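Enquirer: Quick one: the structure is below, questions incoming.
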Number of protein chains: 2
Amino acid sequence: MSNAIDFYFDFTSPYGYLASALIEPLAARHRRAVTWRPYLLGAAFKVNGSRPPTEVPLKSDYVMRDFPRSARFHGIPYRQPSVFPVAAVAATRAYYWATAQDAARAVRLAKAIYAAYFTRDVNIADAENVVSIAASEGYDAAAVRAALADQAVKDRTKTEVDAAIARGAFGSPYVVVDGEPFWGVDRFDQLARWLDKPF
Amino acid sequence: MSNAIDFYFDFTSPYGYLASALIEPLAARHRRAVTWRPYLLGAAFKVNGSRPPTEVPLKSDYVMRDFPRSARFHGIPYRQPSVFPVAAVAATRAYYWATAQDAARAVRLAKAIYAAYFTRDVNIADAENVVSIAASEGYDAAAVRAALADQAVKDRTKTEVDAAIARGAFGSPYVVVDGEPFWGVDRFDQLARWLDKPF
C-alpha cells in the first residue's frame with residue numbers, strides 16, 4: 001500500500017464532517033489508508049488573521065445555507081448545531097489520547113464525536129459531553145476524564161495542531177497526499193483524480 | 001425560457017475565469033440564459049474585512065498551486081498573470097459600457113479580457129490594454145477610451161458593483177439562480193443539480 005492520506009479537520013467544521021463520511025470510501029477505491037488528524041482551526045485563523053465564516057458579514061448567511069445543502073447534495077445526515085462554531089479542544093484531546101492506544105478505534109471515536117455534534121446537537125465544547133460520547137464507544141468514562149486533564153495529552157494535542165499548521169493546513173478538511181494539498185470537500189473530485197494519476 | 005442565471009465575477013479572479021469557460025455550456029444544457037455581471041471583489045473584501053487569498057499567509061501558497069491545477073482539472077488553458085491580483089476597474093467599466101449597446105457582444109468582450117489576462121499575461125489593470133483588447137474585438141479604440149473616462153460609465157459600474165454586494169456576492173464566481181446562491185466554480189456540481197431540480 002502507498003503512503004497514507006493525511007486528513008486534517010476540525011471537529012466543529014461542517015465541511016470536515018462531510019469529508020469524514022467521504023474520505024474512507026474514496027481512499028479505499030484507490031487502495032490508500034487514511035490518517036485522521038484533527039486540529040484546531042482557531043490556531044490557523046490566528047496565523048491568517050481570519051475568522052470563522054459565520055463571523056464574516058457577507059459570508060455568514062451563505063455558509064448557513066450551504067452547510068445543509070452540501071449535506072443533502074452528498075446524501076449525508078446533517079443538523080445544524082445550536083451552539084456553533086465551538087472550540088473542539090476536548091474532542092481533539094480525546095482523539096489523540098485514544099489514537100495513542102488504538103488508531104482504528106480512535107477513528108470510530110472521531111466519527112462518533114462528529115455524529116453527536118452534527119446529527120444530535122450534542123455540544124462537543126462541553127468536556128463532559130465528550131466523555132459521554134467516548135463512554136458510548138466503550139471507553140472508560142473516568143479514564144477519558146483523567147486524560148482530558150492530563151498535561152501529556154494536552155501537550156500531544158498542541159504538538160499535533162502545530163504540526164498541522166506547519167504542514168500548511170488552514171481549513172477543514174485539508175488533505176495531503178504524497179505532498180499535494182487539497183483544501184475543502186469540494187476538492188475531493190481533484191483528490192480522486194490525483195490518486196488515479198497526478199495531473 | 002426560465003429566468004437567466006446571474007453570473008457575478010471579478011476579472012482578476014482565476015476561479016471566475018474558469019467559471020467563465022464552464023457557465024454557458026452548463027446553462028445551455030438546462031435551457032437557461034446567463035447574465036454576466038462583473039463586479040469588484042475589493043468592494044466585498046472591504047465589507048467583509050477580508051483580503052485576497054494571496055495576502056493570507058497560509059492560503060497564499062495553496063491558491064497559487066490550486067489555480068493552475070484547477071485549470072488543468074477542467075482542461076482550460078491557464079497562465080498565471082505576472083501582475084496579480086489587479087484592480088479590474090477599467091475592464092469592468094468597458095464591459096458595462098459595451099453591454100448597454102449589445103449584451104451578446106459585451107460577453108465576447110468579457111471573454112477576450114479574461115483570455116488576455118489569464119492566457120497571454122496582458123495586465124488588464126492598464127486601461128490602454130483594455131482599449132487594445134476591445135479594439136481587437138472590433139470596438140473603436142477612441143470610443144472605448146472615451147467611455148472609460150465617462151462619468152456615466154463610472155456611475156453605472158459603481159451601481160452594478162453595489163447591486164452585486166447587495167445581492168450577497170462576496171466571491172468570484174458567485175452565481176444566483178432563482179434566488180439560490182452558489183459560491184465558487186467548485187459549486188457548479190450543485191448548481192447543475194439544482195437546475196435539474198432544487199434539492
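Lettering and numbering for the C-alpha cells are positional, with chains as A, B, ... in the shown order, residues counted from 1 in each chain, and ligands counted from 1 in the shown order.
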Please report as a ChimeraX atom specification which residues of chain A come no farther than 7 Å from chain B, using only C-alpha atoms.
Expert: /A:48,56-59,73,168,170,186,190
Enquirer: Write out as a short mmCIF file (atom, residue, chain, number, x, y, z; two decimals) with N, CA, C and O atoms, in the first residue's frame all residues of region 86-183 of chain A that DSSP puts in alpha helix (DSSP H) for this structure's backbone.
Expert:
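Saved to selection-v2.cif:
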```cif
data_model
loop_
_atom_site.label_atom_id
_atom_site.label_comp_id
_atom_site.auth_asym_id
_atom_site.auth_seq_id
_atom_site.Cartn_x
_atom_site.Cartn_y
_atom_site.Cartn_z
N VAL A 89 -11.58 21.62 21.63
CA VAL A 89 -10.33 21.23 22.31
C VAL A 89 -10.49 19.87 22.99
O VAL A 89 -9.64 18.98 22.82
N ALA A 90 -11.57 19.70 23.75
CA ALA A 90 -11.75 18.43 24.48
C ALA A 90 -11.86 17.26 23.51
O ALA A 90 -11.25 16.20 23.70
N ALA A 91 -12.63 17.45 22.44
CA ALA A 91 -12.80 16.38 21.45
C ALA A 91 -11.46 16.01 20.82
O ALA A 91 -11.15 14.82 20.62
N THR A 92 -10.66 17.03 20.52
CA THR A 92 -9.37 16.79 19.87
C THR A 92 -8.41 16.07 20.82
O THR A 92 -7.70 15.14 20.42
N ARG A 93 -8.43 16.51 22.08
CA ARG A 93 -7.58 15.82 23.08
C ARG A 93 -8.02 14.37 23.25
O ARG A 93 -7.18 13.46 23.34
N ALA A 94 -9.33 14.13 23.31
CA ALA A 94 -9.83 12.75 23.48
C ALA A 94 -9.33 11.88 22.33
O ALA A 94 -8.90 10.74 22.52
N TYR A 95 -9.38 12.45 21.11
CA TYR A 95 -8.93 11.68 19.94
C TYR A 95 -7.46 11.31 20.06
O TYR A 95 -7.07 10.16 19.83
N TYR A 96 -6.60 12.29 20.42
CA TYR A 96 -5.16 11.99 20.43
C TYR A 96 -4.79 11.05 21.57
O TYR A 96 -3.87 10.24 21.46
N TRP A 97 -5.54 11.13 22.67
CA TRP A 97 -5.36 10.15 23.75
C TRP A 97 -5.74 8.75 23.22
O TRP A 97 -4.99 7.78 23.41
N ALA A 98 -6.86 8.69 22.54
CA ALA A 98 -7.37 7.39 22.07
C ALA A 98 -6.47 6.80 20.99
O ALA A 98 -6.23 5.59 20.95
N THR A 99 -5.96 7.64 20.11
CA THR A 99 -5.20 7.10 18.98
C THR A 99 -3.85 6.56 19.44
O THR A 99 -3.27 5.69 18.77
N ALA A 100 -3.35 7.05 20.55
CA ALA A 100 -2.07 6.52 21.08
C ALA A 100 -2.24 5.08 21.53
O ALA A 100 -1.27 4.32 21.60
N GLN A 101 -3.51 4.70 21.85
CA GLN A 101 -3.77 3.32 22.27
C GLN A 101 -4.14 2.43 21.09
O GLN A 101 -3.67 1.30 20.97
N ALA A 103 -5.39 3.12 16.98
CA ALA A 103 -5.73 4.12 15.96
C ALA A 103 -7.09 3.86 15.31
O ALA A 103 -7.87 4.79 15.08
N ALA A 104 -7.40 2.61 15.03
CA ALA A 104 -8.66 2.30 14.35
C ALA A 104 -9.85 2.62 15.26
O ALA A 104 -10.87 3.15 14.81
N ARG A 105 -9.67 2.32 16.54
CA ARG A 105 -10.74 2.60 17.49
C ARG A 105 -10.91 4.12 17.66
O ARG A 105 -12.02 4.63 17.80
N ALA A 106 -9.80 4.85 17.61
CA ALA A 106 -9.87 6.31 17.72
C ALA A 106 -10.62 6.92 16.54
O ALA A 106 -11.33 7.93 16.70
N VAL A 107 -10.50 6.32 15.37
CA VAL A 107 -11.26 6.81 14.20
C VAL A 107 -12.76 6.62 14.45
O VAL A 107 -13.57 7.50 14.13
N ARG A 108 -13.12 5.50 15.07
CA ARG A 108 -14.54 5.30 15.39
C ARG A 108 -15.00 6.35 16.41
O ARG A 108 -16.12 6.86 16.32
N LEU A 109 -14.12 6.69 17.34
CA LEU A 109 -14.46 7.76 18.30
C LEU A 109 -14.65 9.09 17.57
O LEU A 109 -15.60 9.84 17.84
N ALA A 110 -13.76 9.39 16.65
CA ALA A 110 -13.88 10.64 15.88
C ALA A 110 -15.22 10.70 15.15
O ALA A 110 -15.91 11.73 15.16
N LYS A 111 -15.61 9.59 14.54
CA LYS A 111 -16.90 9.56 13.82
C LYS A 111 -18.06 9.74 14.79
O LYS A 111 -19.06 10.41 14.47
N ALA A 112 -17.94 9.15 15.99
CA ALA A 112 -19.00 9.28 16.99
C ALA A 112 -19.12 10.73 17.47
O ALA A 112 -20.22 11.24 17.69
N ILE A 113 -17.98 11.40 17.61
CA ILE A 113 -17.99 12.82 18.02
C ILE A 113 -18.68 13.65 16.94
O ILE A 113 -19.55 14.48 17.22
N TYR A 114 -18.29 13.43 15.69
CA TYR A 114 -18.91 14.18 14.59
C TYR A 114 -20.42 13.91 14.53
O TYR A 114 -21.22 14.83 14.35
N ALA A 115 -20.81 12.65 14.67
CA ALA A 115 -22.24 12.32 14.60
C ALA A 115 -23.01 12.98 15.73
O ALA A 115 -24.13 13.48 15.55
N ALA A 116 -22.42 13.01 16.91
CA ALA A 116 -23.09 13.63 18.05
C ALA A 116 -23.32 15.12 17.79
O ALA A 116 -24.41 15.66 18.02
N TYR A 117 -22.27 15.77 17.29
CA TYR A 117 -22.38 17.22 17.08
C TYR A 117 -23.27 17.58 15.90
O TYR A 117 -24.09 18.50 16.00
N PHE A 118 -23.14 16.85 14.80
CA PHE A 118 -23.82 17.26 13.57
C PHE A 118 -25.10 16.50 13.26
O PHE A 118 -25.74 16.75 12.23
N THR A 119 -25.49 15.56 14.13
CA THR A 119 -26.80 14.94 13.88
C THR A 119 -27.68 14.93 15.14
O THR A 119 -28.88 14.79 15.02
N ALA A 127 -16.71 19.30 27.88
CA ALA A 127 -15.85 18.11 28.05
C ALA A 127 -16.65 16.91 28.54
O ALA A 127 -16.38 15.77 28.13
N GLU A 128 -17.65 17.15 29.39
CA GLU A 128 -18.43 16.02 29.89
C GLU A 128 -19.22 15.33 28.77
O GLU A 128 -19.46 14.13 28.82
N ASN A 129 -19.62 16.12 27.77
CA ASN A 129 -20.30 15.51 26.62
C ASN A 129 -19.34 14.64 25.82
O ASN A 129 -19.73 13.59 25.30
N VAL A 130 -18.10 15.08 25.74
CA VAL A 130 -17.09 14.27 25.04
C VAL A 130 -16.85 12.97 25.81
O VAL A 130 -16.75 11.89 25.21
N VAL A 131 -16.81 13.07 27.13
CA VAL A 131 -16.66 11.87 27.97
C VAL A 131 -17.82 10.91 27.70
O VAL A 131 -17.62 9.69 27.51
N SER A 132 -19.04 11.44 27.63
CA SER A 132 -20.21 10.58 27.40
C SER A 132 -20.15 9.90 26.03
O SER A 132 -20.49 8.72 25.89
N ILE A 133 -19.74 10.67 25.01
CA ILE A 133 -19.64 10.08 23.66
C ILE A 133 -18.61 8.95 23.69
O ILE A 133 -18.86 7.85 23.16
N ALA A 134 -17.47 9.19 24.33
CA ALA A 134 -16.43 8.16 24.41
C ALA A 134 -16.94 6.94 25.17
O ALA A 134 -16.68 5.79 24.78
N ALA A 135 -17.68 7.19 26.24
CA ALA A 135 -18.22 6.07 27.03
C ALA A 135 -19.16 5.23 26.17
O ALA A 135 -19.15 4.00 26.25
N SER A 136 -19.96 5.91 25.34
CA SER A 136 -20.88 5.17 24.47
C SER A 136 -20.11 4.34 23.44
O SER A 136 -20.67 3.40 22.85
N ALA A 141 -15.25 6.00 31.26
CA ALA A 141 -15.51 7.42 31.44
C ALA A 141 -14.46 8.08 32.34
O ALA A 141 -13.97 9.17 32.04
N ALA A 142 -14.11 7.42 33.43
CA ALA A 142 -13.13 8.01 34.35
C ALA A 142 -11.77 8.17 33.68
O ALA A 142 -11.07 9.17 33.87
N ALA A 143 -11.42 7.20 32.85
CA ALA A 143 -10.12 7.26 32.15
C ALA A 143 -10.12 8.42 31.14
O ALA A 143 -9.12 9.13 31.01
N VAL A 144 -11.23 8.61 30.45
CA VAL A 144 -11.32 9.71 29.48
C VAL A 144 -11.24 11.04 30.23
O VAL A 144 -10.50 11.95 29.83
N ARG A 145 -11.98 11.14 31.32
CA ARG A 145 -11.99 12.38 32.11
C ARG A 145 -10.57 12.71 32.59
O ARG A 145 -10.13 13.85 32.51
N ALA A 146 -9.86 11.70 33.04
CA ALA A 146 -8.48 11.91 33.51
C ALA A 146 -7.58 12.32 32.34
O ALA A 146 -6.74 13.22 32.47
N ALA A 147 -7.80 11.70 31.18
CA ALA A 147 -6.97 12.01 30.01
C ALA A 147 -7.14 13.47 29.60
O ALA A 147 -6.16 14.14 29.24
N LEU A 148 -8.37 13.96 29.65
CA LEU A 148 -8.63 15.34 29.21
C LEU A 148 -7.91 16.35 30.10
O LEU A 148 -7.66 17.48 29.67
N GLN A 151 -1.61 16.56 31.39
CA GLN A 151 -0.73 17.52 30.69
C GLN A 151 -0.09 16.87 29.45
O GLN A 151 0.09 17.54 28.42
N ALA A 152 0.22 15.59 29.54
CA ALA A 152 0.85 14.92 28.38
C ALA A 152 -0.11 14.89 27.19
O ALA A 152 0.31 15.05 26.04
N VAL A 153 -1.39 14.70 27.46
CA VAL A 153 -2.39 14.69 26.37
C VAL A 153 -2.54 16.10 25.80
O VAL A 153 -2.63 16.30 24.58
N LYS A 154 -2.56 17.09 26.69
CA LYS A 154 -2.62 18.49 26.22
C LYS A 154 -1.41 18.80 25.33
O LYS A 154 -1.55 19.42 24.27
N ASP A 155 -0.24 18.36 25.77
CA ASP A 155 0.98 18.63 25.01
C ASP A 155 0.95 17.93 23.64
O ASP A 155 1.32 18.52 22.63
N ARG A 156 0.52 16.68 23.64
CA ARG A 156 0.44 15.94 22.37
C ARG A 156 -0.49 16.64 21.41
O ARG A 156 -0.19 16.79 20.21
N THR A 157 -1.62 17.11 21.94
CA THR A 157 -2.60 17.80 21.09
C THR A 157 -2.00 19.08 20.51
O THR A 157 -2.12 19.35 19.31
N LYS A 158 -1.32 19.85 21.37
CA LYS A 158 -0.71 21.09 20.89
C LYS A 158 0.35 20.79 19.81
O LYS A 158 0.42 21.48 18.79
N THR A 159 1.11 19.74 20.03
CA THR A 159 2.13 19.34 19.04
C THR A 159 1.47 19.01 17.70
O THR A 159 1.96 19.40 16.63
N GLU A 160 0.35 18.31 17.75
CA GLU A 160 -0.34 17.91 16.52
C GLU A 160 -0.94 19.13 15.81
O GLU A 160 -0.90 19.21 14.58
N VAL A 161 -1.50 20.06 16.58
CA VAL A 161 -2.06 21.28 15.97
C VAL A 161 -0.95 22.09 15.31
O VAL A 161 -1.08 22.54 14.16
N ASP A 162 0.16 22.24 16.03
CA ASP A 162 1.30 22.98 15.46
C ASP A 162 1.81 22.30 14.19
O ASP A 162 2.16 22.96 13.21
N ALA A 163 1.85 20.97 14.21
CA ALA A 163 2.35 20.22 13.05
C ALA A 163 1.43 20.39 11.85
O ALA A 163 1.88 20.50 10.71
N ALA A 164 0.12 20.43 12.11
CA ALA A 164 -0.85 20.63 11.03
C ALA A 164 -0.61 21.98 10.36
O ALA A 164 -0.57 22.08 9.12
N ILE A 165 -0.42 22.99 11.17
CA ILE A 165 -0.22 24.34 10.62
C ILE A 165 1.13 24.42 9.91
O ILE A 165 1.25 25.02 8.84
N ALA A 166 2.14 23.77 10.48
CA ALA A 166 3.46 23.74 9.81
C ALA A 166 3.34 23.04 8.45
O ALA A 166 4.07 23.36 7.51
#
```
Enquirer: I'd like the interatomic distance between CA of Val176 (chain B) and CA of Leu191 (chain B), to a tenth of an Å.
Expert: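 These atoms are spaced 9.1 Å apart.
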